[in-house]
Amino acid sequence: MQPQNLAMTAWAFATLGIVHEPLLHALSSAAIRRLSEFATHDLANFLWSYPVLELEVQGRMLFRVRNVLVDRLPSEVASLLGKMGARIPSLQMVMEVTEFTNSLLELGWSFAFCQADMDSLSTVLQSSLITIAKELDERCSWKLLCSSTLADASATLSSWEDKVEEEPKVILDLSGIAVVMKPPHWEVDARIGGCPEPSGKPAARRLSRFLRQTYQKDLLPLVHCSELQFGIIHRLDLPSSGLILVGKNFVGYYTLRWQQDTYELGREYLVLCHGRMKLASQVINARIKTSKSLPLYSEVSSEGKPAWTLAEPLCILERVDGEEYSLVEVRIRTGRTHQIRVHMKHIGHPTVSDAKYTDPAVYSSDFSWCARNFIHRFRLMFQDVDQVLREAFAPLPDDLISVLQGLRPADTYSAQVFKRVLSGWLPHTRST
């Protein structure tokens with residue numbers, strides 16, 4: 001019945017996806033009497049477990065957790081900063097600090113997922129993250145953050161042997177934040193715990209190498225830190241194209257992480273999928289479980305993690321053989337591995353040219369006229385480090401426009417929308 005054991009038990013059940021309501025409600029009843037005794041890390045793990053299992057968290061529990069954290073966090077952050085100032089900086093120290101910040105983000109996610117009123121807690125959590133981030137930016141040099149296992153990124157992109165036709169581009173370069181356009185077949189190599197770069201040609205297509213070549217390590221060392229995912233906030237599948245958010249320093253990184261974990265980031269995609277969908281919004285709320293081993297594979301499963309997708313068909317298209325397709329605007333709330341591809345397959349409309357989640361014969365047919373999975377992240381919405389709302393857009397790339405030009409609208413309404421899409425229109429003004 002010790003707080004740490006209560007938290008570890010709830011966390012274990014959530015991690016394994018096991019819903020045992022009587023036990024978990026008993027844990028909750030035991031914990032609520034001792035919340036002030038929980039370490040912040042254990043409190044984060046405990047609270048995180050219930051929304052992961054889609055179990056209701058008592059309003060009384062959320063109210064008391066909020067009060068405990070509002071009272072506790074300012075002094076904990078002050079103590080942490082004092083310890084940082086008294087020690088010689090090391091990468092181990094940075095990782096210990098990021099464990100604390102991850103707990104703050106878990107707490108923010110839990111309250112946001114439960115749609116609970118955070119009131120002053122939101123202010124305390126955000127100010128704690130940014131205060132710590134500023135200290136890390138002040139104290140962390142490139143010699144501290146940059147791993148020696150990474151290959152040299154000083155060579156220009158054009159000198160790489162494995163040069164591709166299209167290279168990434170910085171679309172928006174702000175204080176602490178960058179928006180990068182990722183072309184297809186570039187890997188977003190942002191993994192928890194870091195990912196040392198192997199030797200060989202595939203490294204030329206890693207987004208981290210582009211970032212390290214673009215931003216100097218003595219000015220923006222976080223971008224060169226594999227243990228912190230090079231500042232990359234989220235991923236895109238290898239064959240997909242679109243916009244990627246990058247925190248160039250700790251302030252930018254945690255500004256974006258907070259928005260991601262509290263569902264304040266806007267991420268919108270254009271997707272071509274099989275079949276005729278009804279021209280009406282459809283919410284797909286199906287849990288997704290991802291394999292722990294490579295190659296990664298995801299599927300809808302009751303043992304998976306919550307996943308939320310909004311699909312809104314724009315128009316119906318067809319090939320000369322009469323096969324029908326839907327061009328869909330997709331918005332995601334969560335960001336599970338292969339979420340769009342798995343959810344679209346789940347509702348009977350798999351994405352075009354998806355080698356992993358469609359029948360081999362279907363993929364073979366698709367590939368004859370669409371050389372890669374038709375998913376493109378065209379819009380991002382976020383707040384910058386000064387809390388100014390920003391938007392970034394990326395029109396459909398030429399290869400996907402060419403794919404659409406090989407199709408024809410299936411009806412009069414689709415013809416009107418299709419003409420606008422081919423002329424570069426993006427559905428950024430559509431309501432939610």
# chains A, B, ... in the order shown; residues from 1 in each chain; ligands from 1
>>> select_by_dssp(residues="region 107-319 of chain A", states="strand (DSSP E or B)", output="JSON, numbers by chain")
{"A": [169, 170, 171, 172, 173, 174, 177, 178, 179, 180, 181, 182, 187, 206, 232, 241, 242, 243, 244, 245, 246, 247, 266, 267, 268, 269, 270, 271, 272, 273, 274, 282, 283, 284, 285, 288, 289, 290, 298, 299, 300, 305, 308, 309, 310, 311, 312, 313, 314, 315, 316, 317, 318]}
>>> write_last_selection(atoms="N, CA and C atoms", output="compact mmCIF listing (two decimals), in the first residue's frame")
# COMPACT_ATOMS: atom_id res chain seq x y z
N LYS A 169 13.46 21.01 -46.67
CA LYS A 169 13.56 22.47 -46.68
C LYS A 169 13.00 23.02 -45.37
N VAL A 170 13.64 24.06 -44.85
CA VAL A 170 13.12 24.76 -43.68
C VAL A 170 12.05 25.73 -44.18
N ILE A 171 10.80 25.47 -43.82
CA ILE A 171 9.68 26.28 -44.28
C ILE A 171 9.48 27.50 -43.39
N LEU A 172 9.69 27.32 -42.08
CA LEU A 172 9.49 28.39 -41.12
C LEU A 172 10.60 28.29 -40.08
N ASP A 173 11.38 29.37 -39.91
CA ASP A 173 12.51 29.37 -39.00
C ASP A 173 12.27 30.44 -37.94
N LEU A 174 11.87 30.00 -36.74
CA LEU A 174 11.51 30.91 -35.67
C LEU A 174 12.49 30.79 -34.51
N ILE A 177 12.24 27.31 -32.70
CA ILE A 177 11.36 26.36 -33.40
C ILE A 177 11.61 26.44 -34.91
N ALA A 178 11.58 25.30 -35.55
CA ALA A 178 11.65 25.26 -37.02
C ALA A 178 10.57 24.32 -37.54
N VAL A 179 10.05 24.63 -38.71
CA VAL A 179 9.14 23.74 -39.44
C VAL A 179 9.87 23.30 -40.70
N VAL A 180 10.00 21.99 -40.86
CA VAL A 180 10.76 21.43 -41.98
C VAL A 180 9.84 20.63 -42.88
N MET A 181 10.00 20.81 -44.18
CA MET A 181 9.27 20.00 -45.16
C MET A 181 10.07 18.73 -45.43
N LYS A 182 9.49 17.57 -45.08
CA LYS A 182 10.15 16.28 -45.31
C LYS A 182 9.69 15.69 -46.63
N GLU A 187 13.91 9.45 -43.67
CA GLU A 187 13.53 8.88 -42.38
C GLU A 187 13.54 9.95 -41.29
N ARG A 206 18.47 10.52 -43.63
CA ARG A 206 17.97 10.72 -42.27
C ARG A 206 17.77 12.22 -42.04
N ILE A 232 13.33 16.78 -32.62
CA ILE A 232 12.17 16.47 -33.47
C ILE A 232 10.98 16.09 -32.60
N SER A 241 5.16 12.33 -47.07
CA SER A 241 5.77 13.65 -47.15
C SER A 241 5.01 14.60 -46.24
N GLY A 242 5.64 15.75 -45.94
CA GLY A 242 4.91 16.75 -45.18
C GLY A 242 5.74 17.46 -44.15
N LEU A 243 5.07 18.22 -43.30
CA LEU A 243 5.70 19.15 -42.37
C LEU A 243 6.07 18.47 -41.06
N ILE A 244 7.24 18.84 -40.54
CA ILE A 244 7.76 18.31 -39.29
C ILE A 244 8.13 19.48 -38.38
N LEU A 245 7.75 19.40 -37.10
CA LEU A 245 8.12 20.42 -36.12
C LEU A 245 9.39 20.00 -35.39
N VAL A 246 10.28 20.98 -35.20
CA VAL A 246 11.56 20.74 -34.53
C VAL A 246 11.77 21.82 -33.47
N GLY A 247 12.10 21.40 -32.24
CA GLY A 247 12.52 22.34 -31.22
C GLY A 247 14.02 22.55 -31.34
N GLY A 266 -2.19 21.34 -34.12
CA GLY A 266 -3.06 20.98 -35.23
C GLY A 266 -2.25 20.29 -36.31
N ARG A 267 -2.64 19.08 -36.69
CA ARG A 267 -1.94 18.32 -37.74
C ARG A 267 -2.97 17.82 -38.75
N GLU A 268 -2.83 18.24 -40.00
CA GLU A 268 -3.80 17.87 -41.03
C GLU A 268 -3.10 17.27 -42.24
N TYR A 269 -3.76 16.31 -42.86
CA TYR A 269 -3.17 15.52 -43.93
C TYR A 269 -4.14 15.43 -45.11
N LEU A 270 -3.57 15.22 -46.28
CA LEU A 270 -4.35 14.82 -47.45
C LEU A 270 -3.99 13.36 -47.75
N VAL A 271 -5.04 12.54 -47.87
CA VAL A 271 -4.85 11.10 -48.02
C VAL A 271 -5.75 10.60 -49.14
N LEU A 272 -5.20 9.75 -50.01
CA LEU A 272 -6.00 9.09 -51.04
C LEU A 272 -6.20 7.65 -50.61
N CYS A 273 -7.45 7.23 -50.51
CA CYS A 273 -7.72 5.88 -50.04
C CYS A 273 -8.70 5.17 -50.97
N HIS A 274 -8.77 3.88 -50.81
CA HIS A 274 -9.62 3.04 -51.66
C HIS A 274 -11.10 3.20 -51.29
N GLN A 282 -16.15 11.69 -40.31
CA GLN A 282 -16.22 10.42 -39.58
C GLN A 282 -15.10 10.39 -38.55
N VAL A 283 -15.47 10.19 -37.28
CA VAL A 283 -14.48 10.06 -36.21
C VAL A 283 -14.14 8.58 -36.03
N ILE A 284 -12.85 8.27 -36.04
CA ILE A 284 -12.39 6.90 -35.82
C ILE A 284 -11.69 6.89 -34.47
N ASN A 285 -12.32 6.25 -33.51
CA ASN A 285 -11.80 6.20 -32.14
C ASN A 285 -11.54 4.74 -31.79
N ILE A 288 -4.94 1.43 -30.74
CA ILE A 288 -3.93 0.86 -31.63
C ILE A 288 -2.80 0.25 -30.81
N LYS A 289 -2.46 -0.99 -31.15
CA LYS A 289 -1.35 -1.69 -30.51
C LYS A 289 -0.23 -1.86 -31.52
N THR A 290 0.99 -1.52 -31.11
CA THR A 290 2.16 -1.59 -32.00
C THR A 290 3.13 -2.63 -31.49
N SER A 298 1.42 -2.14 -36.59
CA SER A 298 0.35 -1.70 -35.71
C SER A 298 -0.98 -2.30 -36.16
N GLU A 299 -1.89 -2.45 -35.21
CA GLU A 299 -3.22 -2.97 -35.50
C GLU A 299 -4.22 -2.46 -34.47
N VAL A 300 -5.46 -2.41 -34.87
CA VAL A 300 -6.52 -2.05 -33.93
C VAL A 300 -6.68 -3.20 -32.95
N LYS A 305 -3.27 1.45 -27.31
CA LYS A 305 -3.37 2.77 -26.69
C LYS A 305 -4.44 3.58 -27.42
N TRP A 308 -7.21 8.62 -31.94
CA TRP A 308 -8.36 9.39 -32.42
C TRP A 308 -8.02 10.03 -33.76
N THR A 309 -8.87 9.77 -34.76
CA THR A 309 -8.67 10.31 -36.10
C THR A 309 -9.99 10.87 -36.62
N LEU A 310 -9.93 12.03 -37.27
CA LEU A 310 -11.10 12.60 -37.94
C LEU A 310 -10.85 12.55 -39.44
N ALA A 311 -11.73 11.89 -40.18
CA ALA A 311 -11.61 11.78 -41.63
C ALA A 311 -12.77 12.52 -42.28
N GLU A 312 -12.44 13.41 -43.20
CA GLU A 312 -13.47 14.20 -43.89
C GLU A 312 -13.22 14.13 -45.40
N PRO A 313 -13.97 13.29 -46.11
CA PRO A 313 -13.77 13.17 -47.56
C PRO A 313 -14.00 14.49 -48.28
N LEU A 314 -13.12 14.78 -49.23
CA LEU A 314 -13.23 16.01 -50.03
C LEU A 314 -13.92 15.75 -51.35
N CYS A 315 -13.56 14.64 -52.01
CA CYS A 315 -14.16 14.32 -53.30
C CYS A 315 -13.94 12.85 -53.63
N ILE A 316 -14.76 12.36 -54.56
CA ILE A 316 -14.65 10.97 -55.00
C ILE A 316 -14.04 10.96 -56.40
N LEU A 317 -13.03 10.09 -56.58
CA LEU A 317 -12.31 10.01 -57.85
C LEU A 317 -12.37 8.57 -58.35
N GLU A 318 -12.06 8.42 -59.64
CA GLU A 318 -12.05 7.06 -60.20
C GLU A 318 -11.01 6.96 -61.30
>>> select_by_dssp(residues="region 212-291 of chain A", states="helix (DSSP H, G or I)", output="PyMOL selection string")
chain A and resi 212-214+221-224+226-231+250-261
>>> closest_residue(among="A:Asp237, A:Asp137, A:Asp71, A:Asp42", to="Gly176 (chain A)", atoms="only C-alpha atoms")
A:Asp137
>>> atom_distance(atom1="CA of Leu24 (chain A)", atom2="CA of Ala307 (chain A)")
21.8 Å
>>> atom_distance(atom1="CA of Gly348 (chain A)", atom2="CA of Gly275 (chain A)")
8.0 Å
>>> closest_residue(among="A:Ser281, A:Ser122, A:Ser240, A:Thr101", to="Pro397 (chain A)", atoms="only C-alpha atoms")
A:Ser240
>>> atom_distance(atom1="CA of Lys134 (chain A)", atom2="CA of Phe250 (chain A)")
6.9 Å
>>> closest_residue(among="A:Arg372, A:His346, A:Lys356, A:Arg287", to="Val52 (chain A)", atoms="only C-alpha atoms")
A:Arg287
>>> residues_around(residues="region 123-125 of chain A", least_positions_apart="2", cutoff="12 Å", atoms="only C-alpha atoms", output="ChimeraX atom specification")
/A:40,66-77,100-109,111,117-121,127-132,254-255,258-259,262
>>> write_last_selection(atoms="N, CA and C atoms", output="CSV table (one decimal), in the first residue's frame")
chain,number,residue,atom,x,y,z
A,40,THR,N,6.4,13.1,-7.3
A,40,THR,CA,5.7,13.6,-8.5
A,40,THR,C,5.8,12.6,-9.6
A,66,ARG,N,-4.5,18.1,-8.5
A,66,ARG,CA,-4.3,19.5,-9.0
A,66,ARG,C,-3.8,20.4,-7.8
A,67,ASN,N,-4.5,20.3,-6.7
A,67,ASN,CA,-4.1,21.1,-5.5
A,67,ASN,C,-2.7,20.7,-5.0
A,68,VAL,N,-2.4,19.4,-4.9
A,68,VAL,CA,-1.1,19.0,-4.5
A,68,VAL,C,0.0,19.5,-5.4
A,69,LEU,N,-0.2,19.4,-6.7
A,69,LEU,CA,0.8,19.9,-7.6
A,69,LEU,C,1.0,21.4,-7.6
A,70,VAL,N,-0.1,22.1,-7.5
A,70,VAL,CA,0.1,23.6,-7.5
A,70,VAL,C,0.9,24.0,-6.3
A,71,ASP,N,0.7,23.3,-5.1
A,71,ASP,CA,1.4,23.7,-3.9
A,71,ASP,C,2.8,23.2,-4.0
A,72,ARG,N,3.1,22.1,-4.6
A,72,ARG,CA,4.4,21.4,-4.6
A,72,ARG,C,5.4,21.8,-5.6
A,73,LEU,N,4.9,22.0,-6.8
A,73,LEU,CA,5.9,22.1,-8.0
A,73,LEU,C,6.8,23.3,-7.9
A,74,PRO,N,6.3,24.5,-7.5
A,74,PRO,CA,7.3,25.6,-7.5
A,74,PRO,C,8.5,25.4,-6.6
A,75,SER,N,8.3,24.7,-5.5
A,75,SER,CA,9.5,24.4,-4.6
A,75,SER,C,10.3,23.3,-5.2
A,76,GLU,N,9.7,22.3,-5.8
A,76,GLU,CA,10.5,21.2,-6.5
A,76,GLU,C,11.3,21.7,-7.6
A,77,VAL,N,10.8,22.6,-8.4
A,77,VAL,CA,11.5,23.2,-9.5
A,77,VAL,C,12.7,24.0,-9.0
A,100,PHE,N,12.2,14.3,-15.1
A,100,PHE,CA,11.3,15.2,-14.3
A,100,PHE,C,10.3,15.9,-15.3
A,101,THR,N,10.9,16.5,-16.3
A,101,THR,CA,10.0,17.2,-17.3
A,101,THR,C,9.0,16.2,-18.0
A,102,ASN,N,9.4,15.0,-18.2
A,102,ASN,CA,8.5,14.0,-18.8
A,102,ASN,C,7.4,13.7,-17.9
A,103,SER,N,7.6,13.8,-16.6
A,103,SER,CA,6.5,13.6,-15.6
A,103,SER,C,5.6,14.7,-15.7
A,104,LEU,N,6.1,16.0,-15.8
A,104,LEU,CA,5.2,17.1,-16.0
A,104,LEU,C,4.3,17.0,-17.2
A,105,LEU,N,4.9,16.5,-18.3
A,105,LEU,CA,4.2,16.3,-19.5
A,105,LEU,C,3.1,15.2,-19.4
A,106,GLU,N,3.5,14.1,-18.7
A,106,GLU,CA,2.5,13.1,-18.4
A,106,GLU,C,1.3,13.6,-17.7
A,107,LEU,N,1.6,14.4,-16.7
A,107,LEU,CA,0.5,15.0,-15.9
A,107,LEU,C,-0.4,15.9,-16.8
A,108,GLY,N,0.2,16.7,-17.6
A,108,GLY,CA,-0.6,17.6,-18.5
A,108,GLY,C,-1.4,16.7,-19.5
A,109,TRP,N,-0.8,15.6,-20.0
A,109,TRP,CA,-1.6,14.8,-20.9
A,109,TRP,C,-2.8,14.1,-20.2
A,111,PHE,N,-4.5,15.1,-17.6
A,111,PHE,CA,-5.6,16.1,-17.4
A,111,PHE,C,-6.3,16.4,-18.7
A,117,ASP,N,-10.6,20.3,-15.9
A,117,ASP,CA,-10.2,21.7,-15.8
A,117,ASP,C,-8.9,21.9,-15.0
A,118,MET,N,-7.9,22.3,-15.7
A,118,MET,CA,-6.6,22.4,-15.0
A,118,MET,C,-6.4,23.7,-14.2
A,119,ASP,N,-7.2,24.8,-14.6
A,119,ASP,CA,-7.1,26.1,-13.9
A,119,ASP,C,-5.6,26.5,-13.8
A,120,SER,N,-5.2,26.7,-12.5
A,120,SER,CA,-3.9,27.2,-12.3
A,120,SER,C,-2.8,26.1,-12.5
A,121,LEU,N,-3.2,24.8,-12.5
A,121,LEU,CA,-2.2,23.8,-12.8
A,121,LEU,C,-1.5,23.9,-14.1
A,127,SER,N,4.9,26.9,-16.8
A,127,SER,CA,6.0,27.7,-16.3
A,127,SER,C,7.2,26.9,-15.8
A,128,SER,N,6.9,25.7,-15.2
A,128,SER,CA,7.9,24.9,-14.7
A,128,SER,C,8.8,24.3,-15.8
A,129,LEU,N,8.1,23.9,-16.9
A,129,LEU,CA,8.8,23.4,-18.1
A,129,LEU,C,9.7,24.4,-18.7
A,130,ILE,N,9.2,25.6,-18.9
A,130,ILE,CA,10.0,26.7,-19.5
A,130,ILE,C,11.1,27.2,-18.6
A,131,THR,N,10.9,27.3,-17.3
A,131,THR,CA,11.9,27.7,-16.4
A,131,THR,C,13.1,26.7,-16.5
A,132,ILE,N,12.8,25.4,-16.5
A,132,ILE,CA,13.8,24.4,-16.6
A,132,ILE,C,14.5,24.4,-18.0
A,254,TYR,N,10.3,22.2,-25.5
A,254,TYR,CA,9.2,22.0,-24.5
A,254,TYR,C,8.0,22.8,-24.7
A,255,THR,N,8.1,23.9,-25.4
A,255,THR,CA,6.9,24.7,-25.9
A,255,THR,C,6.1,23.8,-26.8
A,258,TRP,N,4.6,20.4,-24.9
A,258,TRP,CA,3.4,20.7,-24.1
A,258,TRP,C,2.2,20.7,-25.0
A,259,GLN,N,2.3,21.4,-26.1
A,259,GLN,CA,1.1,21.5,-27.0
A,259,GLN,C,0.8,20.1,-27.6
A,262,THR,N,-0.9,18.0,-24.8
A,262,THR,CA,-2.2,18.5,-24.3
A,262,THR,C,-3.2,18.7,-25.5
>>> closest_residue(among="A:Gly252, A:Pro306, A:Gly231, A:Pro168", to="Tyr50 (chain A)", atoms="only C-alpha atoms")
A:Pro306
